[in-house]
Each structure stands twice: as structure tokens, then as C-alpha cells.
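Heads up, the thing below is written out as C-alpha cells.
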Amino acid sequence: MPSLSSFEKPPLRATIIPVTPLRQNCSLIWCHETKVGAIIDPGGDLPLILDSIAKYGVSVEKILITHGHFDHCGAAAVLSRTLNIPIIGPHKADQFWIDQIPENAQQYGFEAESFIPNSWLNDLDKIDLGNQIIITRHCPGHTPGHVVFHHAPSRLSIVGDVLFKDSIGRSDFPGGDPQALITSITEKLWPMGNETAFIPGHGRPSTFGAERAHNPFVADAVLARMP
């Protein structure tokens with residue numbers, strides 16, 4: 001399993017900021033050359049996010065959202081206002097989840113806001129970050145509008161709740177689709193390469209190669225036995 005140090009090499013750097021009672025992996029990513037960065041999935045705990053931005057001296061220019069669940073984007077609206085930066089993503093199919101953010105967050109005892117992104121994302125959209133370009137992949141299944149972010153030169157992906165170390169995302173929420181989730185993993189993530197490390201929405205990082213070898217849900221040997 002890769003350590004966080006494996007994500008902190010040029011040209012793209014990243015650090016994980018666990019937030020909310022659900023310990024969601026908010027990520028701060030930035031171009032090593034320019035220190036221009038983005039926050040991915042600010043679910044809550046705004047002071048922790050701002051402290052991390054200050055610690056690493058990053059000029060955050062945008063907020064990126066993988067999907068509309070409250071623990072991933074409940075603080076996006078307030079962070080956008082605080083830093084005067086746009087919210088980008090997810091795919092527009094997740095607007096119905098974003099609309100439910102206040103009610104869903106309240107069930108876990110904290111406040112969160114819904115929002116309308118400054119722009120939606122589609123498959124293969126490019127996102128500029130300093131001197132780097134991040135590629136968006138639309139990966140439905142956990143939610144219909146879920147996207148992931150891939151930076152091939154750094155062999156790094158931020159995958160939200162599509163894939164975890166030794167597990168995969170739930171597909172029993174409204175709009176979920178178990179077959180679409182498997183297809184997203186095998187047709188969108190695996191071609192990024194076995195050596196690609198990924199930051200999941202919860203839990204520890206891993207690599208696509210490790211999951212293809214050992215994940216009890218989507219390892220190559222497991223999928224080969226499926227009808």
C-alpha cells in the first residue's frame with residue numbers, strides 16, 4: 001500500500017484532510033511548480049480545510065466535487081464564499097443529491113448547504129491546475145453523476161466513493177446501479193494503470209493494481225467467475 005509520501009512528489013502533490021463524522025477524505029491538491037491548487041470534496045470541518053491550505057501555502061483556485069452526497073460537498077458553498085472561488089462538478093445527474101444536502105446532513109447532527117455548481121463536469125473534461133491538467137472521468141454507479149479526477153503524470157486518481165481499499169462503493173442509494181459501478185471501475189479506472197495510486201472517499205489509499213489483485217468485489221479473479 002502506498003504511503004501519503006507517494007502522493008507528494010512533482011508534478012502534482014496531494015494531502016488528505018479527513019472531515020465530518022463520517023471521516024470523509026477531503027483532498028488538497030496542487031501543482032508543485034506554481035503552488036496553485038484545488039480542494040476536492042469539502043464535506044465539512046471548514047477550519048481544518050483552511051488550516052491545511054495555510055500549512056502548505058497553496059493558492060486554492062477552485063473546488064472540485066466527485067458526487068453530491070453531503071459528506072463530500074456539504075461545506076462547498078461556504079468554502080466558495082470564503083475564498084471567492086468556483087465550485088466545479090460533479091456531473092449534473094447528481095443535482096438531486098445536492099438539493100438534499102441540508103436534510104441529509106441534519107440526520108448526522110451538523111449543518112450543510114446545498115448549491116448549484118458554477119459548472120458541471122462531463123466525461124473527459126479537462127481541468128487546469130497551475131501547469132497541470134487533470135482529466136475527469138464520469139463514473140456512475142454509486143451515484144448517477146459521480147466523477148473521478150485523474151492526473152496521469154503523477155499516477156494519481158481521486159476516486160470518491162467508486163472504489164476503496166478492499167471494497168467498492170454502495171450502489172443501493174437512489175440512483176445507484178451495481179452494474180454501472182462495476183463497469184465504471186473496470187472500464188474507466190483499470191485502464192489508468194496498475195501503478196496508479198488512488199485516494200478514496202473514505203479509508204486508506206491503495207493502487208489499482210493492488211485492488212485488481214486482492215479486492216474481494218472487483219479483483220480480476222473475482223470478476224472472471226461472475227456470469
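Chains: A, B, ... in order of the C-alpha cells. Residues: from 1 per chain. Ligands: from 1, in order shown.
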Exercise: range 179-190 of chain A partners within 8 Å, only C-alpha atoms, chain neighbours under 4 positions left out, as a VMD selection string = chain A and resid 137 to 142 162 to 163 169 171 194 208 218
List every residue of range 143-223 of chain A that DSSP, applied to the backbone of this structure, places in strand (DSSP E), and write the result as an MDAnalysis selection string.
-> chainID A and resid 147:151 156:160 163:164 167:168 197:200 206:207
Neighbours of Asp41 in chain A within 7 Å (only C-alpha atoms; same-chain residues fewer than 4 positions away dropped), as JSON, numbers by chain?
-> {"A": [26, 27, 64, 65, 66, 72, 73]}
Enumerate the residues of range 102-169 of chain A with a DSSP assignment of helix (DSSP H, G or I), computed from the backbone, and present them as an MDAnalysis selection string.
-> chainID A and resid 102:106 152:154
For the selection just defined, write its residues with all heavy atoms to a file, as an mmCIF file, in the first residue's frame.
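To be explicit, this is the file written out as result-v4.cif:
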```
data_model
loop_
_atom_site.group_PDB
_atom_site.id
_atom_site.type_symbol
_atom_site.label_atom_id
_atom_site.label_comp_id
_atom_site.auth_asym_id
_atom_site.auth_seq_id
_atom_site.Cartn_x
_atom_site.Cartn_y
_atom_site.Cartn_z
ATOM 1 N N PRO A 102 -28.935 19.659 2.999
ATOM 2 C CA PRO A 102 -29.259 20.108 4.369
ATOM 3 C C PRO A 102 -29.991 19.056 5.194
ATOM 4 O O PRO A 102 -29.658 18.834 6.369
ATOM 5 C CB PRO A 102 -30.133 21.342 4.123
ATOM 6 C CG PRO A 102 -29.726 21.834 2.769
ATOM 7 C CD PRO A 102 -29.440 20.594 1.977
ATOM 8 N N GLU A 103 -30.984 18.406 4.591
ATOM 9 C CA GLU A 103 -31.757 17.409 5.320
ATOM 10 C C GLU A 103 -30.913 16.187 5.664
ATOM 11 O O GLU A 103 -30.983 15.660 6.791
ATOM 12 C CB GLU A 103 -32.968 16.979 4.484
ATOM 13 C CG GLU A 103 -34.004 18.065 4.255
ATOM 14 C CD GLU A 103 -33.620 19.029 3.149
ATOM 15 O OE1 GLU A 103 -32.624 18.778 2.431
ATOM 16 O OE2 GLU A 103 -34.309 20.049 2.995
ATOM 17 N N ASN A 104 -30.106 15.732 4.730
ATOM 18 C CA ASN A 104 -29.292 14.542 4.979
ATOM 19 C C ASN A 104 -28.210 14.808 6.022
ATOM 20 O O ASN A 104 -27.934 13.951 6.872
ATOM 21 C CB ASN A 104 -28.665 14.050 3.672
ATOM 22 C CG ASN A 104 -29.691 13.484 2.715
ATOM 23 O OD1 ASN A 104 -30.777 13.066 3.125
ATOM 24 N ND2 ASN A 104 -29.371 13.473 1.431
ATOM 25 N N ALA A 105 -27.603 15.979 5.980
ATOM 26 C CA ALA A 105 -26.570 16.307 6.966
ATOM 27 C C ALA A 105 -27.172 16.433 8.359
ATOM 28 O O ALA A 105 -26.544 16.049 9.357
ATOM 29 C CB ALA A 105 -25.872 17.602 6.575
ATOM 30 N N GLN A 106 -28.379 16.955 8.443
ATOM 31 C CA GLN A 106 -29.024 17.141 9.741
ATOM 32 C C GLN A 106 -29.212 15.824 10.472
ATOM 33 O O GLN A 106 -29.167 15.767 11.709
ATOM 34 C CB GLN A 106 -30.368 17.843 9.549
ATOM 35 C CG GLN A 106 -31.020 18.301 10.844
ATOM 36 C CD GLN A 106 -32.276 19.102 10.593
ATOM 37 O OE1 GLN A 106 -33.023 18.831 9.662
ATOM 38 N NE2 GLN A 106 -32.514 20.113 11.413
ATOM 39 N N ALA A 152 -2.456 11.690 -14.892
ATOM 40 C CA ALA A 152 -1.606 10.601 -15.365
ATOM 41 C C ALA A 152 -0.119 10.817 -15.076
ATOM 42 O O ALA A 152 0.570 9.871 -14.678
ATOM 43 C CB ALA A 152 -1.836 10.376 -16.863
ATOM 44 N N PRO A 153 0.437 12.024 -15.266
ATOM 45 C CA PRO A 153 1.875 12.191 -14.999
ATOM 46 C C PRO A 153 2.271 11.877 -13.560
ATOM 47 O O PRO A 153 3.407 11.464 -13.300
ATOM 48 C CB PRO A 153 2.122 13.669 -15.335
ATOM 49 C CG PRO A 153 1.062 14.024 -16.315
ATOM 50 C CD PRO A 153 -0.144 13.254 -15.857
ATOM 51 N N SER A 154 1.357 12.075 -12.620
ATOM 52 C CA SER A 154 1.637 11.778 -11.217
ATOM 53 C C SER A 154 1.161 10.390 -10.808
ATOM 54 O O SER A 154 1.339 9.995 -9.654
ATOM 55 C CB SER A 154 0.963 12.818 -10.315
ATOM 56 O OG SER A 154 1.466 14.108 -10.558
#
```
Counting only C-alpha atoms, what is within 12 Å of Val36 in chain A, bar same-chain residues fewer than 2 positions away, as a PDB file with N, CA, C and O atoms, in the first residue's frame?
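Result file around.pdb:
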```pdb
ATOM      1  N   PRO A  11       4.761  16.056 -10.489  1.00  0.00           N
ATOM      2  CA  PRO A  11       4.311  17.440 -10.648  1.00  0.00           C
ATOM      3  C   PRO A  11       3.049  17.804  -9.876  1.00  0.00           C
ATOM      4  O   PRO A  11       2.702  18.963  -9.791  1.00  0.00           O
ATOM      5  N   LEU A  12       2.329  16.837  -9.350  1.00  0.00           N
ATOM      6  CA  LEU A  12       1.122  17.133  -8.579  1.00  0.00           C
ATOM      7  C   LEU A  12       1.302  16.599  -7.169  1.00  0.00           C
ATOM      8  O   LEU A  12       1.733  15.465  -6.980  1.00  0.00           O
ATOM      9  N   ARG A  13       0.954  17.410  -6.194  1.00  0.00           N
ATOM     10  CA  ARG A  13       1.030  16.988  -4.805  1.00  0.00           C
ATOM     11  C   ARG A  13      -0.361  16.909  -4.205  1.00  0.00           C
ATOM     12  O   ARG A  13      -1.299  17.547  -4.693  1.00  0.00           O
ATOM     13  N   ALA A  14      -0.498  16.125  -3.144  1.00  0.00           N
ATOM     14  CA  ALA A  14      -1.807  15.953  -2.514  1.00  0.00           C
ATOM     15  C   ALA A  14      -1.643  15.638  -1.044  1.00  0.00           C
ATOM     16  O   ALA A  14      -0.664  15.017  -0.628  1.00  0.00           O
ATOM     17  N   LEU A  28      -6.605  18.133  -0.614  1.00  0.00           N
ATOM     18  CA  LEU A  28      -5.986  19.343  -1.137  1.00  0.00           C
ATOM     19  C   LEU A  28      -4.931  18.910  -2.144  1.00  0.00           C
ATOM     20  O   LEU A  28      -4.020  18.158  -1.807  1.00  0.00           O
ATOM     21  N   ILE A  29      -5.081  19.344  -3.393  1.00  0.00           N
ATOM     22  CA  ILE A  29      -4.108  19.006  -4.425  1.00  0.00           C
ATOM     23  C   ILE A  29      -3.537  20.288  -5.006  1.00  0.00           C
ATOM     24  O   ILE A  29      -4.211  21.324  -5.020  1.00  0.00           O
ATOM     25  N   TRP A  30      -2.282  20.222  -5.469  1.00  0.00           N
ATOM     26  CA  TRP A  30      -1.702  21.439  -6.032  1.00  0.00           C
ATOM     27  C   TRP A  30      -0.563  21.116  -6.992  1.00  0.00           C
ATOM     28  O   TRP A  30       0.100  20.082  -6.904  1.00  0.00           O
ATOM     29  N   CYS A  31      -0.369  22.038  -7.933  1.00  0.00           N
ATOM     30  CA  CYS A  31       0.742  21.984  -8.874  1.00  0.00           C
ATOM     31  C   CYS A  31       2.019  22.342  -8.130  1.00  0.00           C
ATOM     32  O   CYS A  31       2.121  23.408  -7.518  1.00  0.00           O
ATOM     33  N   HIS A  32       2.992  21.456  -8.173  1.00  0.00           N
ATOM     34  CA  HIS A  32       4.241  21.671  -7.438  1.00  0.00           C
ATOM     35  C   HIS A  32       4.975  22.917  -7.938  1.00  0.00           C
ATOM     36  O   HIS A  32       5.564  23.661  -7.135  1.00  0.00           O
ATOM     37  N   GLU A  33       4.920  23.175  -9.222  1.00  0.00           N
ATOM     38  CA  GLU A  33       5.685  24.291  -9.794  1.00  0.00           C
ATOM     39  C   GLU A  33       5.082  25.645  -9.428  1.00  0.00           C
ATOM     40  O   GLU A  33       5.816  26.612  -9.189  1.00  0.00           O
ATOM     41  N   THR A  34       3.764  25.739  -9.388  1.00  0.00           N
ATOM     42  CA  THR A  34       3.114  27.038  -9.211  1.00  0.00           C
ATOM     43  C   THR A  34       2.444  27.218  -7.851  1.00  0.00           C
ATOM     44  O   THR A  34       2.070  28.344  -7.507  1.00  0.00           O
ATOM     45  N   ALA A  38      -6.445  23.038  -5.687  1.00  0.00           N
ATOM     46  CA  ALA A  38      -7.886  22.863  -5.594  1.00  0.00           C
ATOM     47  C   ALA A  38      -8.200  22.027  -4.362  1.00  0.00           C
ATOM     48  O   ALA A  38      -7.384  21.216  -3.922  1.00  0.00           O
ATOM     49  N   ILE A  39      -9.379  22.240  -3.837  1.00  0.00           N
ATOM     50  CA  ILE A  39      -9.913  21.388  -2.779  1.00  0.00           C
ATOM     51  C   ILE A  39     -10.918  20.441  -3.416  1.00  0.00           C
ATOM     52  O   ILE A  39     -11.819  20.875  -4.145  1.00  0.00           O
ATOM     53  N   ILE A  53      -4.746  24.371   3.955  1.00  0.00           N
ATOM     54  CA  ILE A  53      -4.364  25.270   2.862  1.00  0.00           C
ATOM     55  C   ILE A  53      -3.230  26.190   3.313  1.00  0.00           C
ATOM     56  O   ILE A  53      -2.238  26.389   2.594  1.00  0.00           O
ATOM     57  N   TYR A  56       0.300  24.339   3.818  1.00  0.00           N
ATOM     58  CA  TYR A  56       1.057  24.004   2.611  1.00  0.00           C
ATOM     59  C   TYR A  56       1.267  25.200   1.689  1.00  0.00           C
ATOM     60  O   TYR A  56       1.932  25.074   0.667  1.00  0.00           O
ATOM     61  N   GLY A  57       0.720  26.355   2.057  1.00  0.00           N
ATOM     62  CA  GLY A  57       0.946  27.559   1.278  1.00  0.00           C
ATOM     63  C   GLY A  57       0.394  27.495  -0.131  1.00  0.00           C
ATOM     64  O   GLY A  57       1.003  28.028  -1.066  1.00  0.00           O
ATOM     65  N   VAL A  58      -0.771  26.867  -0.277  1.00  0.00           N
ATOM     66  CA  VAL A  58      -1.352  26.673  -1.597  1.00  0.00           C
ATOM     67  C   VAL A  58      -2.322  27.805  -1.924  1.00  0.00           C
ATOM     68  O   VAL A  58      -3.089  28.254  -1.063  1.00  0.00           O
ATOM     69  N   SER A  59      -2.292  28.271  -3.162  1.00  0.00           N
ATOM     70  CA  SER A  59      -3.266  29.227  -3.663  1.00  0.00           C
ATOM     71  C   SER A  59      -4.418  28.446  -4.292  1.00  0.00           C
ATOM     72  O   SER A  59      -4.330  27.993  -5.442  1.00  0.00           O
ATOM     73  N   VAL A  60      -5.479  28.247  -3.529  1.00  0.00           N
ATOM     74  CA  VAL A  60      -6.597  27.424  -3.995  1.00  0.00           C
ATOM     75  C   VAL A  60      -7.492  28.248  -4.910  1.00  0.00           C
ATOM     76  O   VAL A  60      -8.005  29.299  -4.525  1.00  0.00           O
ATOM     77  N   GLU A  61      -7.687  27.758  -6.130  1.00  0.00           N
ATOM     78  CA  GLU A  61      -8.442  28.494  -7.133  1.00  0.00           C
ATOM     79  C   GLU A  61      -9.807  27.900  -7.440  1.00  0.00           C
ATOM     80  O   GLU A  61     -10.618  28.550  -8.093  1.00  0.00           O
ATOM     81  N   LYS A  62     -10.058  26.668  -6.997  1.00  0.00           N
ATOM     82  CA  LYS A  62     -11.341  26.051  -7.329  1.00  0.00           C
ATOM     83  C   LYS A  62     -11.650  24.916  -6.370  1.00  0.00           C
ATOM     84  O   LYS A  62     -10.758  24.376  -5.699  1.00  0.00           O
ATOM     85  N   ASP A 128      -7.714  22.730 -15.640  1.00  0.00           N
ATOM     86  CA  ASP A 128      -6.388  23.319 -15.477  1.00  0.00           C
ATOM     87  C   ASP A 128      -6.103  23.562 -14.011  1.00  0.00           C
ATOM     88  O   ASP A 128      -6.957  24.070 -13.272  1.00  0.00           O
ATOM     89  N   LEU A 129      -4.885  23.216 -13.605  1.00  0.00           N
ATOM     90  CA  LEU A 129      -4.450  23.454 -12.227  1.00  0.00           C
ATOM     91  C   LEU A 129      -2.982  23.861 -12.282  1.00  0.00           C
ATOM     92  O   LEU A 129      -2.089  23.009 -12.341  1.00  0.00           O
ATOM     93  N   GLY A 130      -2.742  25.176 -12.275  1.00  0.00           N
ATOM     94  CA  GLY A 130      -1.380  25.641 -12.483  1.00  0.00           C
ATOM     95  C   GLY A 130      -0.878  25.196 -13.833  1.00  0.00           C
ATOM     96  O   GLY A 130      -1.516  25.446 -14.862  1.00  0.00           O
ATOM     97  N   ASN A 131       0.252  24.490 -13.833  1.00  0.00           N
ATOM     98  CA  ASN A 131       0.811  23.960 -15.080  1.00  0.00           C
ATOM     99  C   ASN A 131       0.343  22.546 -15.388  1.00  0.00           C
ATOM    100  O   ASN A 131       0.846  21.918 -16.325  1.00  0.00           O
ATOM    101  N   GLN A 132      -0.585  22.032 -14.613  1.00  0.00           N
ATOM    102  CA  GLN A 132      -1.045  20.655 -14.770  1.00  0.00           C
ATOM    103  C   GLN A 132      -2.465  20.623 -15.337  1.00  0.00           C
ATOM    104  O   GLN A 132      -3.222  21.586 -15.199  1.00  0.00           O
ATOM    105  N   ILE A 133      -2.808  19.502 -15.939  1.00  0.00           N
ATOM    106  CA  ILE A 133      -4.152  19.280 -16.459  1.00  0.00           C
ATOM    107  C   ILE A 133      -4.680  17.979 -15.877  1.00  0.00           C
ATOM    108  O   ILE A 133      -4.048  16.924 -15.994  1.00  0.00           O
TER     109      ILE A 133
END
```
Separation of CA of Asp99 in chain A and CA of Gly176 in chain A, in Å?
->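 Calculated distance between CA of Asp99 in chain A and CA of Gly176 in chain A is 16.7 Å.
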Among the residues A:Leu156, A:Ile199, A:Ala54, A:Ile134, the one that comes closest to Lys35 in chain A [using only C-alpha atoms] =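 So, comparing all the options, the nearest one is A:Ala54.
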For Asp125 in chain A, the nearest of the candidates A:Pro144, A:Glu111, A:Gly68, A:Phe149, counting only C-alpha atoms = A:Phe149
